[in-house]
Each structure stands twice: as C-alpha cells, then as structure tokens.
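Undergrad: Here it is, the structure in full.
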Amino acid sequence: MPEATYPDDLRYHAEHDWARIEGGQATLGITWYAQDSLGEVVFYDPPQVGATIAKDASYAEVESVKAVSDVIAPVSGEIVAVNEALADAPEKINEDPYGEGWLVKVQLSDPAEAEQLLSAADYRNLLESA
C-alpha cells in the first residue's frame with residue numbers, strides 16, 4: 001500500500017475525494033486517506049457514462065472488506081468515462097488512488113465549483129485537525 005500522499009496538482013473535497021481539473025473536464029477519485037480508512041477495496045459500483053452527478057452528492061459506491069461507502073462528487077457534471085479496469089481490479093483504488101485507481105471523468109457543468117475545493121495543503125490541515 002502506498003504512503004500517505006496528497007498531490008499538489010489536485011483539488012480536494014472535505015469528504016475525501018479528489019479532482020484533477022483539465023480544461024472543462026475533471027478526473028475524480030478517492031484520496032489516500034479514504035482508501036486507507038476503507039481498507040482493502042473489493043468492489044466498485046460506478047455510475048453509467050452519460051449520467052449527471054451533482055457536487056456534494058453520492059455518485060458511486062466503493063465496497064471494502066470493512067464497509068460499503070458512498071463516493072461524494074467534488075464537482076457537478078456529466079460522466080464521460082468510467083474506469084472499466086476497476087471491474088476486474090478494484091484493488092487499484094488502494095494501490096494507486098491518484099493514477100490507475102481513478103474512478104470517473106466528468107464534463108464540468110459549472111467549472112467555478114472547482115475553485116471551492118481545497119488545495120493539498122488545506123486538505124492536509126483538515127486531516128490534521130480531525
């Protein structure tokens with residue numbers, strides 16, 4: 001399992017999700033903290049391509065040996081891609097949460113929402129104060 005990391009090029013949601021903003025799209029996933037808290041991920045139930053997600057609302061489920069957890073959207077938009085590799089290898093969420101463990105790609109409906117997300121430093125401060 002990787003060491004706790006929170007890349008500076010990502011934006012973070014207080015519910016332990018991240019967004020990599022690239023133009024009008026965002027790649028979403030769960031943070032190192034979230035996957036570590038869950039333990040070994042055994043199943044990922046993604047949304048369908050074309051589905052609309054809303055900031056601060058659940059859009060998927062991740063199941064671990066400990067619990068089933070909702071994944072909360074850090075931004076709003078339309079799902080344009082789902083990480084199909086996770087169907088056969090959900091452990092990639094644990095092994096590489098910011099790389100091969102990404103969950104979905106979204107066409108942003110309100111790009112300004114990204115400005116409301118936390119920087120890596122702010123997210124680390126949130127974890128330390130919890």
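Order determines the names: the first chain of the structure tokens is A, the second B, and so forth; residues in each chain are numbered 1 upward, and ligands are numbered 1 upward as they are shown.
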Using DSSP on the backbone coordinates, identify the residues of region 2-87 of chain A assigned to strand (DSSP E or B); present them as a PyMOL selection string.

TA: chain A and resi 11-13+17-22+25-30+41-45+52-53+58-64+68-72+77-82

Undergrad: Can you pull out every residue within 6 Å of region 34-50 of chain A, counting only C-alpha atoms, but drop anything in the same chain fewer than 5 positions away, and send it as a PyMOL selection string?

TA: chain A and resi 16+60-65+78-81+90-91+94

Undergrad: For all heavy atoms, I'd like the residues from the last selection saved as a short mmCIF file (atom, residue, chain, number, x, y, z; two decimals), in the first residue's frame.

TA:
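Just written: selection_10.cif:
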data_model
loop_
_atom_site.label_atom_id
_atom_site.label_comp_id
_atom_site.auth_asym_id
_atom_site.auth_seq_id
_atom_site.Cartn_x
_atom_site.Cartn_y
_atom_site.Cartn_z
N HIS A 16 -13.20 13.55 1.28
CA HIS A 16 -12.06 12.69 0.93
C HIS A 16 -12.08 12.19 -0.51
O HIS A 16 -11.72 11.05 -0.80
CB HIS A 16 -11.92 11.53 1.94
CG HIS A 16 -12.00 12.01 3.35
ND1 HIS A 16 -11.07 12.87 3.89
CD2 HIS A 16 -12.93 11.82 4.32
CE1 HIS A 16 -11.42 13.17 5.13
NE2 HIS A 16 -12.55 12.55 5.42
N ALA A 60 -21.39 7.08 -6.64
CA ALA A 60 -20.91 5.70 -6.80
C ALA A 60 -20.74 5.09 -5.42
O ALA A 60 -20.85 5.78 -4.40
CB ALA A 60 -19.58 5.69 -7.55
N GLU A 61 -20.47 3.77 -5.41
CA GLU A 61 -20.17 3.08 -4.15
C GLU A 61 -18.87 2.31 -4.30
O GLU A 61 -18.58 1.75 -5.35
CB GLU A 61 -21.27 2.08 -3.80
CG GLU A 61 -22.53 2.72 -3.28
CD GLU A 61 -23.55 1.70 -2.81
OE1 GLU A 61 -23.43 0.50 -3.14
OE2 GLU A 61 -24.50 2.12 -2.12
N VAL A 62 -18.12 2.31 -3.20
CA VAL A 62 -16.90 1.52 -3.10
C VAL A 62 -17.10 0.58 -1.93
O VAL A 62 -17.48 1.01 -0.83
CB VAL A 62 -15.66 2.41 -2.87
CG1 VAL A 62 -14.42 1.57 -2.62
CG2 VAL A 62 -15.44 3.34 -4.06
N GLU A 63 -16.88 -0.71 -2.18
CA GLU A 63 -17.06 -1.71 -1.13
C GLU A 63 -15.70 -2.27 -0.74
O GLU A 63 -14.89 -2.63 -1.61
CB GLU A 63 -17.95 -2.84 -1.65
CG GLU A 63 -18.27 -3.89 -0.61
CD GLU A 63 -19.25 -4.94 -1.12
OE1 GLU A 63 -19.99 -4.66 -2.08
OE2 GLU A 63 -19.25 -6.04 -0.55
N SER A 64 -15.46 -2.31 0.56
CA SER A 64 -14.21 -2.88 1.07
C SER A 64 -14.55 -4.06 1.96
O SER A 64 -15.73 -4.37 2.17
CB SER A 64 -13.43 -1.83 1.86
OG SER A 64 -14.07 -1.57 3.10
N VAL A 65 -13.52 -4.69 2.49
CA VAL A 65 -13.75 -5.80 3.40
C VAL A 65 -14.42 -5.31 4.69
O VAL A 65 -15.04 -6.09 5.40
CB VAL A 65 -12.45 -6.57 3.72
CG1 VAL A 65 -11.95 -7.29 2.50
CG2 VAL A 65 -11.37 -5.65 4.26
N GLU A 78 -21.38 15.81 -16.24
CA GLU A 78 -21.82 14.59 -16.91
C GLU A 78 -20.66 13.61 -16.99
O GLU A 78 -19.55 13.98 -17.37
CB GLU A 78 -22.32 14.91 -18.32
CG GLU A 78 -22.79 13.67 -19.07
CD GLU A 78 -23.20 13.97 -20.50
OE1 GLU A 78 -23.53 15.13 -20.82
OE2 GLU A 78 -23.19 13.03 -21.31
N ILE A 79 -20.93 12.35 -16.63
CA ILE A 79 -19.91 11.30 -16.71
C ILE A 79 -19.59 11.05 -18.18
O ILE A 79 -20.48 10.73 -18.97
CB ILE A 79 -20.40 9.98 -16.06
CG1 ILE A 79 -20.83 10.20 -14.60
CG2 ILE A 79 -19.34 8.89 -16.18
CD1 ILE A 79 -19.75 10.51 -13.63
N VAL A 80 -18.31 11.20 -18.54
CA VAL A 80 -17.88 10.95 -19.92
C VAL A 80 -17.01 9.71 -20.03
O VAL A 80 -16.80 9.19 -21.12
CB VAL A 80 -17.16 12.17 -20.54
CG1 VAL A 80 -18.13 13.34 -20.68
CG2 VAL A 80 -15.94 12.58 -19.74
N ALA A 81 -16.51 9.20 -18.90
CA ALA A 81 -15.72 7.96 -18.89
C ALA A 81 -15.76 7.36 -17.50
O ALA A 81 -15.82 8.07 -16.50
CB ALA A 81 -14.28 8.22 -19.30
N PRO A 90 -10.37 -3.93 -8.57
CA PRO A 90 -10.72 -2.81 -7.68
C PRO A 90 -9.60 -2.44 -6.72
O PRO A 90 -9.57 -1.32 -6.20
CB PRO A 90 -11.96 -3.32 -6.94
CG PRO A 90 -11.87 -4.80 -7.01
CD PRO A 90 -11.21 -5.11 -8.33
N GLU A 91 -8.65 -3.36 -6.52
CA GLU A 91 -7.53 -3.08 -5.62
C GLU A 91 -6.65 -1.93 -6.11
O GLU A 91 -5.88 -1.35 -5.36
CB GLU A 91 -6.69 -4.34 -5.39
CG GLU A 91 -5.94 -4.85 -6.61
CD GLU A 91 -6.76 -5.75 -7.52
OE1 GLU A 91 -7.98 -5.96 -7.30
OE2 GLU A 91 -6.17 -6.27 -8.48
N ASN A 94 -6.70 1.10 -4.01
CA ASN A 94 -5.78 1.11 -2.88
C ASN A 94 -4.34 1.33 -3.34
O ASN A 94 -3.59 2.08 -2.72
CB ASN A 94 -5.81 -0.23 -2.11
CG ASN A 94 -7.12 -0.50 -1.44
OD1 ASN A 94 -7.83 -1.41 -1.81
ND2 ASN A 94 -7.48 0.30 -0.44
#

Undergrad: Which is closest to Asp9 (chain A) among A:Ser129, A:Ser119, A:Thr31, A:Asn83, if we use only C-alpha atoms?

TA: A:Ser119

Undergrad: Looking only at the backbone, which of the residues in chain A does DSSP tag as helix (DSSP H, G or I), as a VMD selection string?

TA: chain A and resid 32 to 38 84 to 87 92 to 95 111 to 116 120 to 129

Undergrad: Write out as a ChimeraX atom specification which residues come within 10 Å of Val106 (chain A) when counting only C-alpha atoms, dropping same-chain ones fewer than 2 positions away.

TA: /A:19,21,24-28,49-53,75-82,104,108-109

Undergrad: Find the spatial neighbours of Ala121 (chain A), counting only C-alpha atoms, within a cut-off of 12 Å - ignore same-chain residues fewer than 3 positions away - and output them as a ChimeraX atom specification.

TA: /A:5-12,117-118,124-128

Undergrad: Would you output that residue set with C-alpha atoms, as a compact mmCIF listing (two decimals), in the first residue's frame?

TA:
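Saved to out_12.txt:
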# COMPACT_ATOMS: atom_id res chain seq x y z
CA THR A 5 0.29 11.40 -0.28
CA TYR A 6 -1.82 14.33 -1.43
CA PRO A 7 -0.54 15.64 -4.79
CA ASP A 8 -0.39 19.43 -5.11
CA ASP A 9 -1.88 19.41 -8.64
CA LEU A 10 -5.23 18.07 -7.38
CA ARG A 11 -8.17 19.77 -5.67
CA TYR A 12 -9.80 18.07 -2.67
CA LEU A 117 -12.35 22.78 -3.43
CA LEU A 118 -9.41 22.53 -1.06
CA ARG A 124 -3.77 18.04 4.89
CA ASN A 125 -4.74 20.68 7.51
CA LEU A 126 -8.30 19.31 7.51
CA LEU A 127 -6.97 15.79 8.21
CA GLU A 128 -4.66 17.01 10.97

Undergrad: Could you give me, as a PDB file with N, CA and C atoms, in the first residue's frame, the residues within 10 Å of Asp96 (chain A), counting only C-alpha atoms and dropping anything in the same chain fewer than 4 positions from it?

TA:
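Contents of around-v3.pdb, as written:
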ATOM      1  N   MET A   1       0.849  -1.188   0.000  1.00  0.00           N
ATOM      2  CA  MET A   1       0.000   0.000   0.000  1.00  0.00           C
ATOM      3  C   MET A   1       0.892   1.247   0.000  1.00  0.00           C
ATOM      4  N   PRO A   2       0.539   2.253  -0.788  1.00  0.00           N
ATOM      5  CA  PRO A   2       1.376   3.445  -0.879  1.00  0.00           C
ATOM      6  C   PRO A   2       1.373   4.260   0.410  1.00  0.00           C
ATOM      7  N   THR A  31      -9.283   9.874  -2.057  1.00  0.00           N
ATOM      8  CA  THR A  31      -7.946  10.201  -1.563  1.00  0.00           C
ATOM      9  C   THR A  31      -7.272   9.003  -0.895  1.00  0.00           C
ATOM     10  N   TRP A  32      -5.975   9.173  -0.673  1.00  0.00           N
ATOM     11  CA  TRP A  32      -5.220   8.151   0.049  1.00  0.00           C
ATOM     12  C   TRP A  32      -5.877   7.893   1.407  1.00  0.00           C
ATOM     13  N   GLN A  35      -9.064   5.668   0.954  1.00  0.00           N
ATOM     14  CA  GLN A  35      -8.804   4.255   0.665  1.00  0.00           C
ATOM     15  C   GLN A  35      -8.168   3.570   1.862  1.00  0.00           C
ATOM     16  N   GLU A  91      -8.652  -3.359  -6.521  1.00  0.00           N
ATOM     17  CA  GLU A  91      -7.528  -3.077  -5.618  1.00  0.00           C
ATOM     18  C   GLU A  91      -6.653  -1.928  -6.115  1.00  0.00           C
ATOM     19  N   LYS A  92      -6.785  -1.554  -7.397  1.00  0.00           N
ATOM     20  CA  LYS A  92      -6.022  -0.412  -7.925  1.00  0.00           C
ATOM     21  C   LYS A  92      -6.394   0.882  -7.184  1.00  0.00           C
ATOM     22  N   GLU A 100      -3.861   4.838 -11.591  1.00  0.00           N
ATOM     23  CA  GLU A 100      -4.714   3.791 -12.151  1.00  0.00           C
ATOM     24  C   GLU A 100      -5.996   3.569 -11.360  1.00  0.00           C
ATOM     25  N   GLY A 101      -6.086   4.130 -10.158  1.00  0.00           N
ATOM     26  CA  GLY A 101      -7.276   3.968  -9.335  1.00  0.00           C
ATOM     27  C   GLY A 101      -8.310   5.074  -9.500  1.00  0.00           C
ATOM     28  N   TRP A 102      -8.169   5.913 -10.542  1.00  0.00           N
ATOM     29  CA  TRP A 102      -9.189   6.952 -10.782  1.00  0.00           C
ATOM     30  C   TRP A 102     -10.543   6.285 -10.998  1.00  0.00           C
TER      31      TRP A 102
END

Undergrad: Can you work out the spacing between CA of Glu3 (chain A) and CA of Ile72 (chain A) in Å, to one decimal?

TA: 23.0 Å

Undergrad: State, in Å with one decimal place, the distance from CA of Leu86 (chain A) to CA of Gly99 (chain A).

TA: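 Computed distance, CA of Leu86 (chain A) to CA of Gly99 (chain A), equals 12.0 Å.
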
Undergrad: Quick one, how far is CA of Ala130 (chain A) from CA of Lys55 (chain A)?

TA: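 Atom-to-atom, CA of Ala130 (chain A) and CA of Lys55 (chain A) are spaced 22.2 Å apart.
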
Undergrad: Which residue is closest to Ile93 (chain A)? Choose from A:Ala4, A:Gly29, A:Arg20, A:Glu15 and count only C-alpha atoms.

TA: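 Looking at the shortest contact to Ile93 (chain A), the residue is A:Gly29.
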
Undergrad: Set the distance at 7 Å and use only C-alpha atoms: which residues neighbour Ser58 (chain A) once local chain neighbours fewer than 3 positions away are removed? I'd like the list as a ChimeraX atom specification.

TA: /A:70-73
